[in-house]
file run-v7.txt (compact mmCIF, C-alpha atoms)
# COMPACT_ATOMS: atom_id res chain seq x y z
CA MET A 19 -41.60 257.97 -46.75
CA SER A 20 -40.36 254.46 -47.45
CA ASP A 21 -36.85 253.65 -48.59
CA ALA A 22 -38.34 252.25 -51.77
CA ALA A 23 -39.73 255.64 -52.80
CA LYS A 24 -38.53 256.54 -56.25
CA LYS A 25 -36.70 259.78 -56.74
CA PHE A 26 -38.52 262.12 -59.10
CA MET A 27 -37.20 265.39 -60.41
CA TYR A 28 -39.52 267.82 -62.15
CA VAL A 29 -37.50 270.16 -64.35
CA ASN A 30 -39.08 273.54 -65.09
CA ARG A 31 -37.59 275.62 -67.88
CA ARG A 32 -40.46 277.88 -68.94
CA ALA A 33 -41.64 281.23 -67.67
CA PRO A 34 -45.11 281.39 -66.11
CA TYR A 35 -48.16 282.82 -67.97
CA GLY A 36 -46.71 282.94 -71.51
CA THR A 37 -47.36 279.25 -71.96
CA VAL A 38 -49.26 276.73 -69.90
CA TYR A 39 -46.16 274.61 -69.11
CA ALA A 40 -45.42 276.14 -65.72
CA LEU A 41 -48.94 275.80 -64.34
CA GLU A 42 -49.36 272.28 -65.71
CA GLY A 43 -46.01 271.25 -64.32
CA LEU A 44 -46.96 272.55 -60.90
CA GLU A 45 -50.27 270.70 -60.97
CA VAL A 46 -48.56 267.47 -61.93
CA VAL A 47 -46.17 267.89 -59.00
CA LEU A 48 -49.07 268.36 -56.59
CA ILE A 49 -50.90 265.35 -57.98
CA GLY A 50 -47.74 263.23 -57.98
CA ALA A 51 -47.05 264.20 -54.38
CA ALA A 52 -50.05 262.13 -53.30
CA PHE A 53 -48.02 259.03 -54.13
CA ASP A 54 -45.10 257.77 -52.17
CA GLN A 55 -42.32 259.45 -54.08
CA ASP A 56 -39.28 261.45 -53.20
CA VAL A 57 -40.02 264.58 -55.21
CA CYS A 58 -37.81 267.53 -55.98
CA MET A 59 -38.08 270.34 -58.49
CA ALA A 60 -35.41 272.07 -60.55
CA PHE A 61 -35.79 275.56 -61.99
CA ILE A 62 -33.55 276.22 -64.98
CA ASP A 63 -33.49 278.87 -67.74
CA ASP A 64 -36.76 280.85 -67.83
CA GLY A 65 -38.15 278.43 -65.23
CA VAL A 66 -36.55 280.61 -62.55
CA PHE A 67 -39.12 283.31 -63.38
CA GLN A 68 -41.79 281.07 -61.88
CA LEU A 69 -40.38 281.79 -58.44
CA LYS A 70 -40.07 285.57 -58.83
CA LYS A 71 -41.73 287.34 -55.95
CA GLY A 72 -44.38 290.01 -56.34
CA GLN A 73 -46.33 288.41 -59.19
CA ASP A 74 -49.65 290.20 -59.62
CA THR A 75 -52.04 289.24 -62.41
CA LYS A 76 -54.92 291.47 -61.34
CA ASP A 77 -54.70 293.69 -64.39
CA SER A 78 -54.07 290.93 -66.90
CA ASN A 79 -57.03 288.71 -66.19
CA MET A 80 -55.04 285.56 -65.53
CA LYS A 81 -54.95 283.36 -62.50
CA ASN A 82 -51.97 284.17 -60.31
CA PHE A 83 -50.71 280.74 -59.38
CA SER A 84 -47.54 281.89 -57.67
CA PRO A 85 -49.12 281.50 -54.18
CA THR A 86 -49.51 277.80 -54.92
CA TYR A 87 -45.73 277.32 -54.75
CA ARG A 88 -46.05 278.18 -51.06
CA ALA A 89 -48.29 275.13 -50.60
CA LEU A 90 -45.57 272.77 -51.86
CA GLY A 91 -44.23 272.35 -48.34
CA ASP A 92 -47.63 271.03 -47.21
CA TYR A 93 -47.34 268.48 -50.01
CA GLU A 94 -43.91 267.46 -48.72
CA VAL A 95 -42.18 268.90 -51.76
CA THR A 96 -39.35 270.59 -49.91
CA LYS A 97 -36.44 270.62 -52.33
CA LEU A 98 -36.62 273.35 -54.97
CA TYR A 99 -33.27 273.60 -56.74
CA VAL A 100 -32.64 276.82 -58.61
CA ASP A 101 -29.86 277.06 -61.18
CA LYS A 102 -27.54 279.86 -60.14
CA GLU A 103 -26.38 280.67 -63.68
CA SER A 104 -29.93 280.96 -64.98
CA LEU A 105 -30.72 283.42 -62.19
CA GLU A 106 -27.63 285.50 -62.88
CA GLN A 107 -28.25 285.57 -66.63
CA ARG A 108 -31.63 287.11 -65.89
CA GLY A 109 -30.33 289.68 -63.46
CA LEU A 110 -31.92 287.93 -60.51
CA GLY A 111 -30.62 286.93 -57.11
CA GLU A 112 -31.97 284.89 -54.21
CA ASP A 113 -33.67 288.01 -52.79
CA ASP A 114 -35.82 288.28 -55.91
CA LEU A 115 -37.39 284.88 -55.27
CA MET A 116 -40.41 284.08 -53.13
CA ASP A 117 -39.69 283.12 -49.57
CA LEU A 118 -40.70 279.46 -49.70
CA THR A 119 -40.43 277.33 -46.59
CA TYR A 120 -41.49 273.99 -45.18
CA GLU A 121 -41.85 272.64 -41.67
CA ASP A 122 -39.32 269.95 -40.91
CA GLU A 123 -41.18 267.16 -39.11
CA ASP A 124 -37.91 265.56 -38.09
CA ASP A 125 -36.70 268.74 -36.46
CA ASP A 126 -39.52 269.91 -34.18
CA TYR A 127 -41.44 271.45 -37.10
CA ASN A 128 -38.89 274.20 -37.57
CA GLU A 129 -39.45 276.30 -40.66
CA LYS A 130 -36.73 275.81 -43.22
CA PRO A 131 -36.15 277.30 -46.67
CA SER A 132 -37.23 275.12 -49.60
CA ILE A 133 -35.26 276.99 -52.22
CA ARG A 134 -31.65 275.99 -52.72
CA ILE A 135 -29.49 277.83 -55.22
CA VAL A 136 -27.18 275.34 -56.90
CA SER A 137 -24.25 275.43 -59.29
CA ARG A 138 -24.22 273.60 -62.61
CA ASP A 139 -22.10 270.82 -61.09
CA GLU A 140 -24.46 270.34 -58.16
CA LEU A 141 -27.41 270.27 -60.54
CA ALA A 142 -25.71 267.74 -62.81
CA ASP A 143 -25.02 265.52 -59.77
CA LEU A 144 -28.63 265.82 -58.60
CA MET A 145 -29.90 264.72 -62.00
CA GLU A 146 -27.69 261.66 -61.89
CA GLN A 147 -29.28 260.68 -58.57
CA GLN A 148 -32.85 260.59 -59.88
CA ASP A 149 -34.87 257.58 -60.95
CA VAL A 150 -37.15 259.65 -63.14
CA ILE A 151 -36.78 263.13 -64.64
CA LEU A 152 -39.83 264.91 -66.01
CA ASN A 153 -39.74 268.13 -68.00
CA TYR A 154 -42.13 271.04 -68.25
CA MET B 6 -27.52 258.98 -68.92
CA LEU B 7 -29.26 259.83 -72.17
CA HIS B 8 -30.15 263.42 -73.00
CA THR B 9 -32.52 264.17 -75.84
CA ILE B 10 -33.01 267.54 -77.54
CA ASN B 11 -35.95 268.14 -79.83
CA LYS B 12 -35.76 271.91 -80.32
CA SER B 13 -33.83 273.89 -82.92
CA PRO B 14 -30.69 275.44 -81.40
CA PHE B 15 -31.54 278.61 -83.31
CA GLU B 16 -34.88 279.03 -81.59
CA LYS B 17 -34.46 277.64 -78.06
CA ASN B 18 -31.62 277.31 -75.62
CA SER B 19 -32.25 273.60 -75.00
CA LEU B 20 -28.93 272.63 -76.59
CA ASP B 21 -26.96 275.17 -74.55
CA THR B 22 -28.55 274.14 -71.28
CA CYS B 23 -28.06 270.48 -72.04
CA LEU B 24 -24.37 271.00 -72.82
CA ARG B 25 -23.96 272.99 -69.64
CA LEU B 26 -25.58 270.38 -67.38
CA ALA B 27 -24.87 267.00 -68.97
CA LYS B 28 -21.97 265.12 -67.47
CA PRO B 29 -19.09 264.16 -69.77
CA GLY B 30 -19.57 260.62 -71.01
CA SER B 31 -23.31 261.05 -71.44
CA GLU B 32 -25.15 260.31 -74.66
CA ILE B 33 -26.97 263.09 -76.48
CA LEU B 34 -29.63 262.30 -79.05
CA LEU B 35 -30.84 265.03 -81.41
CA LEU B 36 -34.32 264.53 -82.77
CA GLU B 37 -37.17 266.49 -84.38
CA ASP B 38 -35.97 270.11 -84.83
CA GLY B 39 -33.01 269.28 -82.60
CA VAL B 40 -31.30 267.64 -85.59
CA TYR B 41 -30.46 271.04 -87.08
CA ALA B 42 -27.67 271.23 -84.49
CA ALA B 43 -25.92 268.31 -86.22
CA VAL B 44 -25.37 270.14 -89.50
CA LYS B 45 -21.97 271.44 -90.65
CA GLY B 46 -21.39 275.11 -91.34
CA THR B 47 -23.93 276.55 -88.90
CA ALA B 48 -23.49 279.06 -86.10
CA VAL B 49 -23.54 276.23 -83.55
CA GLU B 50 -21.02 273.96 -85.31
CA GLN B 51 -18.12 275.05 -83.09
CA LYS B 52 -20.18 274.26 -80.00
CA MET B 53 -21.08 270.83 -81.37
CA VAL B 54 -17.50 269.96 -82.32
CA GLN B 55 -16.49 270.78 -78.77
CA ALA B 56 -19.37 268.73 -77.40
CA LEU B 57 -18.25 265.73 -79.42
CA GLY B 58 -15.14 265.67 -77.26
CA ASP B 59 -17.22 265.11 -74.14
CA TYR B 60 -20.29 263.24 -75.35
CA THR B 61 -21.45 260.69 -77.85
CA VAL B 62 -23.85 262.54 -80.13
CA TYR B 63 -26.56 260.85 -82.15
CA ALA B 64 -29.09 262.26 -84.61
CA LEU B 65 -32.34 260.54 -85.49
CA GLY B 66 -32.24 259.44 -89.14
CA PRO B 67 -35.93 259.73 -90.00
CA ASP B 68 -35.99 263.30 -88.67
CA LEU B 69 -32.91 264.22 -90.73
CA LYS B 70 -34.51 262.73 -93.81
CA ALA B 71 -37.82 264.50 -93.24
CA ARG B 72 -35.93 267.81 -93.19
CA GLY B 73 -33.88 267.06 -96.30
CA ILE B 74 -30.61 266.85 -94.41
CA GLU B 75 -28.23 264.43 -96.14
CA GLU B 76 -25.77 262.54 -93.99
CA ASP B 77 -22.77 264.13 -95.73
CA ARG B 78 -23.91 267.48 -94.32
CA LEU B 79 -23.46 266.27 -90.75
CA ILE B 80 -20.61 267.26 -88.48
CA ASP B 81 -17.99 264.49 -88.34
CA GLY B 82 -18.53 262.24 -85.37
CA VAL B 83 -22.31 262.56 -85.17
CA GLU B 84 -23.83 259.08 -85.41
CA VAL B 85 -27.12 258.55 -87.21
CA VAL B 86 -29.56 256.16 -85.57
CA GLY B 87 -33.02 254.92 -86.50
CA TYR B 88 -36.00 254.46 -84.19
CA ASP B 89 -34.64 251.07 -83.12
CA GLY B 90 -31.36 252.72 -82.18
CA PHE B 91 -33.26 255.35 -80.21
CA VAL B 92 -35.07 252.61 -78.30
CA ASP B 93 -31.77 250.84 -77.57
CA LEU B 94 -30.21 254.06 -76.30
CA ALA B 95 -33.14 254.73 -74.01
CA ALA B 96 -33.30 251.14 -72.78
CA ASN B 97 -29.58 251.08 -72.01
CA SER B 98 -29.67 254.31 -69.98
CA ASP B 99 -30.47 254.53 -66.29
CA ARG B 100 -32.48 257.66 -66.97
CA VAL B 101 -33.47 259.99 -69.74
CA GLN B 102 -33.55 263.76 -69.60
CA SER B 103 -35.59 265.33 -72.40
CA TRP B 104 -34.62 268.93 -72.99
CA LEU B 105 -37.82 270.32 -74.44
CA MET C 11 -75.55 272.18 -65.14
CA ALA C 12 -77.02 274.61 -62.69
CA PHE C 13 -79.27 274.99 -59.66
CA GLU C 14 -81.38 277.80 -58.32
CA ILE C 15 -81.70 279.36 -54.88
CA ALA C 16 -84.16 282.17 -54.26
CA GLY C 17 -84.38 283.02 -57.94
CA LYS C 18 -80.63 283.16 -58.53
CA THR C 19 -79.03 280.59 -60.84
CA TYR C 20 -75.70 278.97 -59.96
CA GLU C 21 -73.71 277.27 -62.70
CA THR C 22 -71.88 274.06 -61.84
CA ASP C 23 -69.66 271.58 -63.64
CA GLU C 24 -70.80 268.06 -64.43
CA GLU C 25 -69.81 266.87 -60.94
CA GLY C 26 -71.74 269.61 -59.18
CA TYR C 27 -68.81 271.87 -58.31
CA LEU C 28 -69.57 275.57 -58.51
CA ALA C 29 -68.40 277.00 -61.84
CA ASN C 30 -67.64 280.46 -60.47
CA LEU C 31 -65.88 280.76 -57.17
CA ALA C 32 -67.25 284.23 -56.67
CA ASP C 33 -70.86 282.96 -56.74
CA TRP C 34 -70.44 281.25 -53.40
CA ASN C 35 -72.35 282.14 -50.26
CA PRO C 36 -73.33 280.08 -47.20
CA GLU C 37 -76.74 279.31 -48.71
CA VAL C 38 -74.97 277.52 -51.55
CA ALA C 39 -73.24 275.23 -49.06
CA ASP C 40 -76.53 274.57 -47.25
CA PHE C 41 -78.29 273.82 -50.51
CA MET C 42 -75.61 271.41 -51.74
CA ALA C 43 -75.53 269.65 -48.38
CA LYS C 44 -79.30 269.21 -48.36
CA GLU C 45 -79.04 267.56 -51.79
CA ASP C 46 -76.68 265.04 -50.18
CA ASP C 47 -78.97 264.55 -47.15
CA CYS C 48 -76.42 266.21 -44.96
CA ASP C 49 -77.13 268.83 -42.30
CA LEU C 50 -74.29 271.26 -41.83
CA THR C 51 -73.20 271.60 -38.21
CA GLU C 52 -70.63 273.88 -36.68
CA ASN C 53 -68.05 271.14 -37.19
CA HIS C 54 -68.79 271.05 -40.90
CA TRP C 55 -68.50 274.82 -41.12
CA GLU C 56 -65.10 274.77 -39.44
CA VAL C 57 -63.79 272.62 -42.26
CA ILE C 58 -65.59 274.53 -45.00
CA ASN C 59 -64.29 277.85 -43.74
CA PHE C 60 -60.83 276.41 -43.36
CA LEU C 61 -60.89 275.28 -47.00
CA ARG C 62 -61.98 278.69 -48.21
CA GLU C 63 -59.14 280.32 -46.30
CA TYR C 64 -56.68 277.77 -47.64
CA TYR C 65 -57.81 278.49 -51.17
CA GLU C 66 -57.62 282.22 -50.61
CA GLU C 67 -54.03 281.87 -49.46
CA TYR C 68 -52.66 279.23 -51.85
CA GLN C 69 -55.09 279.31 -54.80
CA ILE C 70 -55.64 275.55 -54.62
CA ALA C 71 -57.95 273.17 -52.85
CA PRO C 72 -55.70 270.89 -50.80
CA ALA C 73 -55.50 267.14 -51.30
CA VAL C 74 -57.10 265.12 -48.50
CA ARG C 75 -53.76 264.19 -46.93
CA VAL C 76 -52.74 267.83 -46.82
CA LEU C 77 -56.14 268.90 -45.53
CA THR C 78 -56.05 266.37 -42.71
CA LYS C 79 -52.65 267.51 -41.54
CA ALA C 80 -53.51 271.19 -41.79
CA ILE C 81 -56.81 270.74 -39.91
CA GLY C 82 -54.93 268.95 -37.15
CA LYS C 83 -52.58 271.86 -36.84
CA ARG C 84 -55.34 274.45 -36.86
CA LEU C 85 -58.20 272.78 -35.00
CA GLY C 86 -56.43 270.21 -32.87
CA LYS C 87 -55.29 266.60 -33.15
CA GLU C 88 -58.72 265.12 -32.38
CA LYS C 89 -59.98 266.72 -35.61
CA GLY C 90 -56.92 266.21 -37.76
CA ASN C 91 -57.58 262.59 -38.64
CA SER C 92 -59.41 260.93 -41.46
CA LYS C 93 -61.93 259.18 -39.19
CA TYR C 94 -63.27 262.47 -37.87
CA LEU C 95 -63.30 264.08 -41.31
CA TYR C 96 -64.93 261.11 -43.04
CA GLU C 97 -67.67 261.09 -40.41
CA LEU C 98 -68.41 264.70 -41.27
CA PHE C 99 -68.03 264.24 -45.01
CA PRO C 100 -68.72 260.61 -45.91
CA TYR C 101 -68.23 261.24 -49.65
CA GLY C 102 -64.61 262.12 -48.96
CA PRO C 103 -63.58 265.12 -46.87
CA ALA C 104 -61.64 266.93 -49.57
CA LYS C 105 -64.13 266.34 -52.38
CA GLN C 106 -67.36 266.90 -50.51
CA ALA C 107 -66.21 269.77 -48.33
CA CYS C 108 -64.56 271.52 -51.28
CA LYS C 109 -67.80 271.27 -53.16
CA TYR C 110 -69.77 272.88 -50.34
CA ALA C 111 -67.05 275.52 -50.02
CA GLY C 112 -67.52 276.45 -53.68
CA LEU C 113 -63.97 275.41 -54.61
CA PRO C 114 -62.88 273.34 -57.57
CA LYS C 115 -62.15 269.66 -57.05
CA PRO C 116 -58.93 269.35 -55.04
CA THR C 117 -55.64 269.28 -56.91
CA GLY C 118 -54.09 265.91 -56.30
CA CYS C 119 -57.47 264.26 -56.00
CA VAL C 120 -57.63 261.33 -58.41
call {"tool": "encode", "arguments": {"input": "run-v7.txt", "output": "structure tokens"}}
result
Amino acid sequence: MSDAAKKFMYVNRRAPYGTVYALEGLEVVLIGAAFDQDVCMAFIDDGVFQLKKGQDTKDSNMKNFSPTYRALGDYEVTKLYVDKESLEQRGLGEDDLMDLTYEDEDDDYNEKPSIRIVSRDELADLMEQQDVILNY
Amino acid sequence: MLHTINKSPFEKNSLDTCLRLAKPGSEILLLEDGVYAAVKGTAVEQKMVQALGDYTVYALGPDLKARGIEEDRLIDGVEVVGYDGFVDLAANSDRVQSWL
Amino acid sequence: MAFEIAGKTYETDEEGYLANLADWNPEVADFMAKEDDCDLTENHWEVINFLREYYEEYQIAPAVRVLTKAIGKRLGKEKGNSKYLYELFPYGPAKQACKYAGLPKPTGCV
């Protein structure tokens, strides 16, 4: 990744399935990852539900796209920031989220967690560091 | 940094999340159904008055007008801007965060 | 659009990708390849099978960059490069191989 890569943050604030925002947002991230950008994702409000583990749509006739979040590492999207307060408001903790990892090329391909739980101040700082913020 | 909110504070939590995550000194522009947050005497007025201490708050004039909201109904301190003002705000910000 | 093999009809989209994932079988891949004047060898099948497994696991067809890297990891460095993959699938490894594998067009493929 070049130094000139722009920093993009995709902000997700909608639950999966109820509306098409979550799936569309994810697809845009995957498409955008083909370009030379420094991409991260933020999960705020109901967006944290996208990362809930154990999603199973078999009985509801919808495509379960939660496994696709596990491919983000392959697409070099390795920074998934989750708003701590949004999790807590919804009775969730880190253990309720999918175990998402990436292989760190700069560190002998060691598997590392992609999800980082952040406070409101950390999240506010991260937003200030972006060149572009996109919302879904 | 410019934050925009286009959802009613009575239907979505966009306003709350924006106020929680926007840094003091930021600009906040209310537009579309977001302008309802700018009105005096609502359940969110207290929240907005407090926000005016930390942020500069704008409301988009044409959207107020479309909804029949006269300027004398607005919370003191909220500035009304037109589309040109909106463009200036966006152009003068390093980045824009749209709370949908 | 559609084509027929041994009396069974297979629906496709306007670019020839299979409309229903579940319709796929190896004959479909052979048929599609023949249409492109391509004979499927063991090397082709390695990639096609890999794509089907990838889809099964992640529910997406990988972009070419991702495919190349993943193939390298799975099948060895000499196969994980675009030269090798383009020789097998001259219309573009992700696009063409995904088509034969019965997957939708890769996400991130513009």
call {"tool": "residues_around", "arguments": {"input": "run-v7.txt", "residues": "Glu76 in chain B", "least_positions_apart": "4", "cutoff": "10 Å", "atoms": "all atoms listed in the file", "output": "short mmCIF file (atom, residue, chain, number, x, y, z; two decimals) with C-alpha atoms, in the frame of the given file"}}
result
data_model
loop_
_atom_site.label_atom_id
_atom_site.label_comp_id
_atom_site.auth_asym_id
_atom_site.auth_seq_id
_atom_site.Cartn_x
_atom_site.Cartn_y
_atom_site.Cartn_z
CA ALA B 43 -25.92 268.31 -86.22
CA VAL B 44 -25.37 270.14 -89.50
CA ALA B 64 -29.09 262.26 -84.61
CA GLY B 66 -32.24 259.44 -89.14
CA LEU B 69 -32.91 264.22 -90.73
CA LYS B 70 -34.51 262.73 -93.81
CA ILE B 80 -20.61 267.26 -88.48
CA ASP B 81 -17.99 264.49 -88.34
CA VAL B 83 -22.31 262.56 -85.17
CA GLU B 84 -23.83 259.08 -85.41
CA VAL B 85 -27.12 258.55 -87.21
#
call {"tool": "atom_distance", "arguments": {"input": "run-v7.txt", "atom1": "CA of Ser137 in chain A", "atom2": "CA of Cys23 in chain B"}}
result
14.2 Å
call {"tool": "atom_distance", "arguments": {"input": "run-v7.txt", "atom1": "CA of Leu31 in chain C", "atom2": "CA of Pro114 in chain C"}}
result
8.0 Å
call {"tool": "interface_residues", "arguments": {"input": "run-v7.txt", "of": "chain C", "to": "chain A", "cutoff": "12 Å", "atoms": "all atoms listed in the file", "output": "VMD selection string"}}
result
chain C and resid 64 to 81 83 116 to 120
call {"tool": "atom_distance", "arguments": {"input": "run-v7.txt", "atom1": "CA of Met59 in chain A", "atom2": "CA of Asn30 in chain A"}}
result
7.4 Å
call {"tool": "axis_aligned_box", "arguments": {"input": "run-v7.txt", "around": "range 42-46 of chain C", "padding_each_side": "6 Å", "output": "JSON"}}
result
{"center_x": -77.4, "center_y": 268.2, "center_z": -50.1, "size_x": 15.8, "size_y": 18.4, "size_z": 15.4}
call {"tool": "interface_residues", "arguments": {"input": "run-v7.txt", "of": "chain B", "to": "chain A", "cutoff": "7 Å", "atoms": "all atoms listed in the file", "output": "list in words"}}
result
Leu26, Ala27, Lys28, Arg100, Val101, Gln102 and Ser103 of chain B
call {"tool": "residues_around", "arguments": {"input": "run-v7.txt", "residues": "Asp114 in chain A", "least_positions_apart": "4", "cutoff": "8 Å", "atoms": "all atoms listed in the file", "output": "ChimeraX atom specification"}}
result
/A:70-71,110
call {"tool": "residues_near_point", "arguments": {"input": "run-v7.txt", "point": "(-68.3, 276.1, -48.3)", "cutoff": "9 Å", "atoms": "all atoms listed in the file", "output": "ChimeraX atom specification"}}
result
/C:34-36,38-40,54-55,57-62,107-113
call {"tool": "residues_around", "arguments": {"input": "run-v7.txt", "residues": "Trp104 in chain B", "least_positions_apart": "6", "cutoff": "9 Å", "atoms": "all atoms listed in the file", "output": "list in words"}}
result
Arg31 and Asn153 of chain A; His8, Thr9, Ile10, Asn11, Lys12, Ser19, Leu20, Thr22 and Cys23 of chain B
call {"tool": "residues_around", "arguments": {"input": "run-v7.txt", "residues": "Leu69 in chain A", "least_positions_apart": "3", "cutoff": "7 Å", "atoms": "only C-alpha atoms", "output": "ChimeraX atom specification"}}
result
/A:66,115-116
call {"tool": "closest_residue", "arguments": {"input": "run-v7.txt", "among": "A:Asn128, A:Asn79, A:Gln55, A:Gln68", "to": "Ala40 in chain A", "atoms": "only C-alpha atoms"}}
result
A:Gln68
call {"tool": "closest_residue", "arguments": {"input": "run-v7.txt", "among": "B:Ser13, B:Asn18, B:Leu24, B:Ala96", "to": "Lys52 in chain B", "atoms": "only C-alpha atoms"}}
result
B:Leu24
call {"tool": "build_atoms", "arguments": {"input": "run-v7.txt", "residues": "range 79-99 of chain B", "atoms": "N, CA and C atoms", "output": "short mmCIF file (atom, residue, chain, number, x, y, z; two decimals), keeping the file's coordinate frame"}}
result
data_model
loop_
_atom_site.label_atom_id
_atom_site.label_comp_id
_atom_site.auth_asym_id
_atom_site.auth_seq_id
_atom_site.Cartn_x
_atom_site.Cartn_y
_atom_site.Cartn_z
N LEU B 79 -23.57 266.31 -92.22
CA LEU B 79 -23.46 266.27 -90.75
C LEU B 79 -22.03 266.49 -90.29
N ILE B 80 -21.91 267.06 -89.11
CA ILE B 80 -20.61 267.26 -88.48
C ILE B 80 -19.97 265.89 -88.24
N ASP B 81 -18.67 265.77 -88.53
CA ASP B 81 -17.99 264.49 -88.34
C ASP B 81 -18.10 264.03 -86.89
N GLY B 82 -18.44 262.78 -86.72
CA GLY B 82 -18.53 262.24 -85.37
C GLY B 82 -19.97 262.04 -84.91
N VAL B 83 -20.89 262.74 -85.53
CA VAL B 83 -22.31 262.56 -85.17
C VAL B 83 -22.79 261.23 -85.77
N GLU B 84 -23.36 260.38 -84.94
CA GLU B 84 -23.83 259.08 -85.41
C GLU B 84 -25.32 259.13 -85.71
N VAL B 85 -25.71 258.58 -86.84
CA VAL B 85 -27.12 258.55 -87.21
C VAL B 85 -27.74 257.25 -86.72
N VAL B 86 -28.86 257.36 -86.02
CA VAL B 86 -29.56 256.16 -85.57
C VAL B 86 -31.02 256.20 -86.05
N GLY B 87 -31.61 255.02 -86.18
CA GLY B 87 -33.02 254.92 -86.50
C GLY B 87 -33.84 254.81 -85.22
N TYR B 88 -35.14 254.57 -85.37
CA TYR B 88 -36.00 254.46 -84.19
C TYR B 88 -35.55 253.31 -83.29
N ASP B 89 -35.08 252.21 -83.93
CA ASP B 89 -34.64 251.07 -83.12
C ASP B 89 -33.42 251.46 -82.29
N GLY B 90 -32.53 252.26 -82.91
CA GLY B 90 -31.36 252.72 -82.18
C GLY B 90 -31.73 253.63 -81.02
N PHE B 91 -32.73 254.45 -81.24
CA PHE B 91 -33.26 255.35 -80.21
C PHE B 91 -33.77 254.52 -79.03
N VAL B 92 -34.52 253.47 -79.36
CA VAL B 92 -35.07 252.61 -78.30
C VAL B 92 -33.94 251.95 -77.52
N ASP B 93 -32.92 251.46 -78.25
CA ASP B 93 -31.77 250.84 -77.57
C ASP B 93 -31.09 251.83 -76.63
N LEU B 94 -30.88 253.04 -77.12
CA LEU B 94 -30.21 254.06 -76.30
C LEU B 94 -30.99 254.32 -75.01
N ALA B 95 -32.31 254.45 -75.17
CA ALA B 95 -33.14 254.73 -74.01
C ALA B 95 -33.14 253.54 -73.05
N ALA B 96 -33.23 252.34 -73.61
CA ALA B 96 -33.30 251.14 -72.78
C ALA B 96 -31.99 250.90 -72.04
N ASN B 97 -30.88 251.33 -72.64
CA ASN B 97 -29.58 251.08 -72.01
C ASN B 97 -29.16 252.20 -71.06
N SER B 98 -30.00 253.22 -70.91
CA SER B 98 -29.67 254.31 -69.98
C SER B 98 -30.42 254.14 -68.68
N ASP B 99 -29.79 254.57 -67.60
CA ASP B 99 -30.47 254.53 -66.29
C ASP B 99 -31.63 255.51 -66.29
#
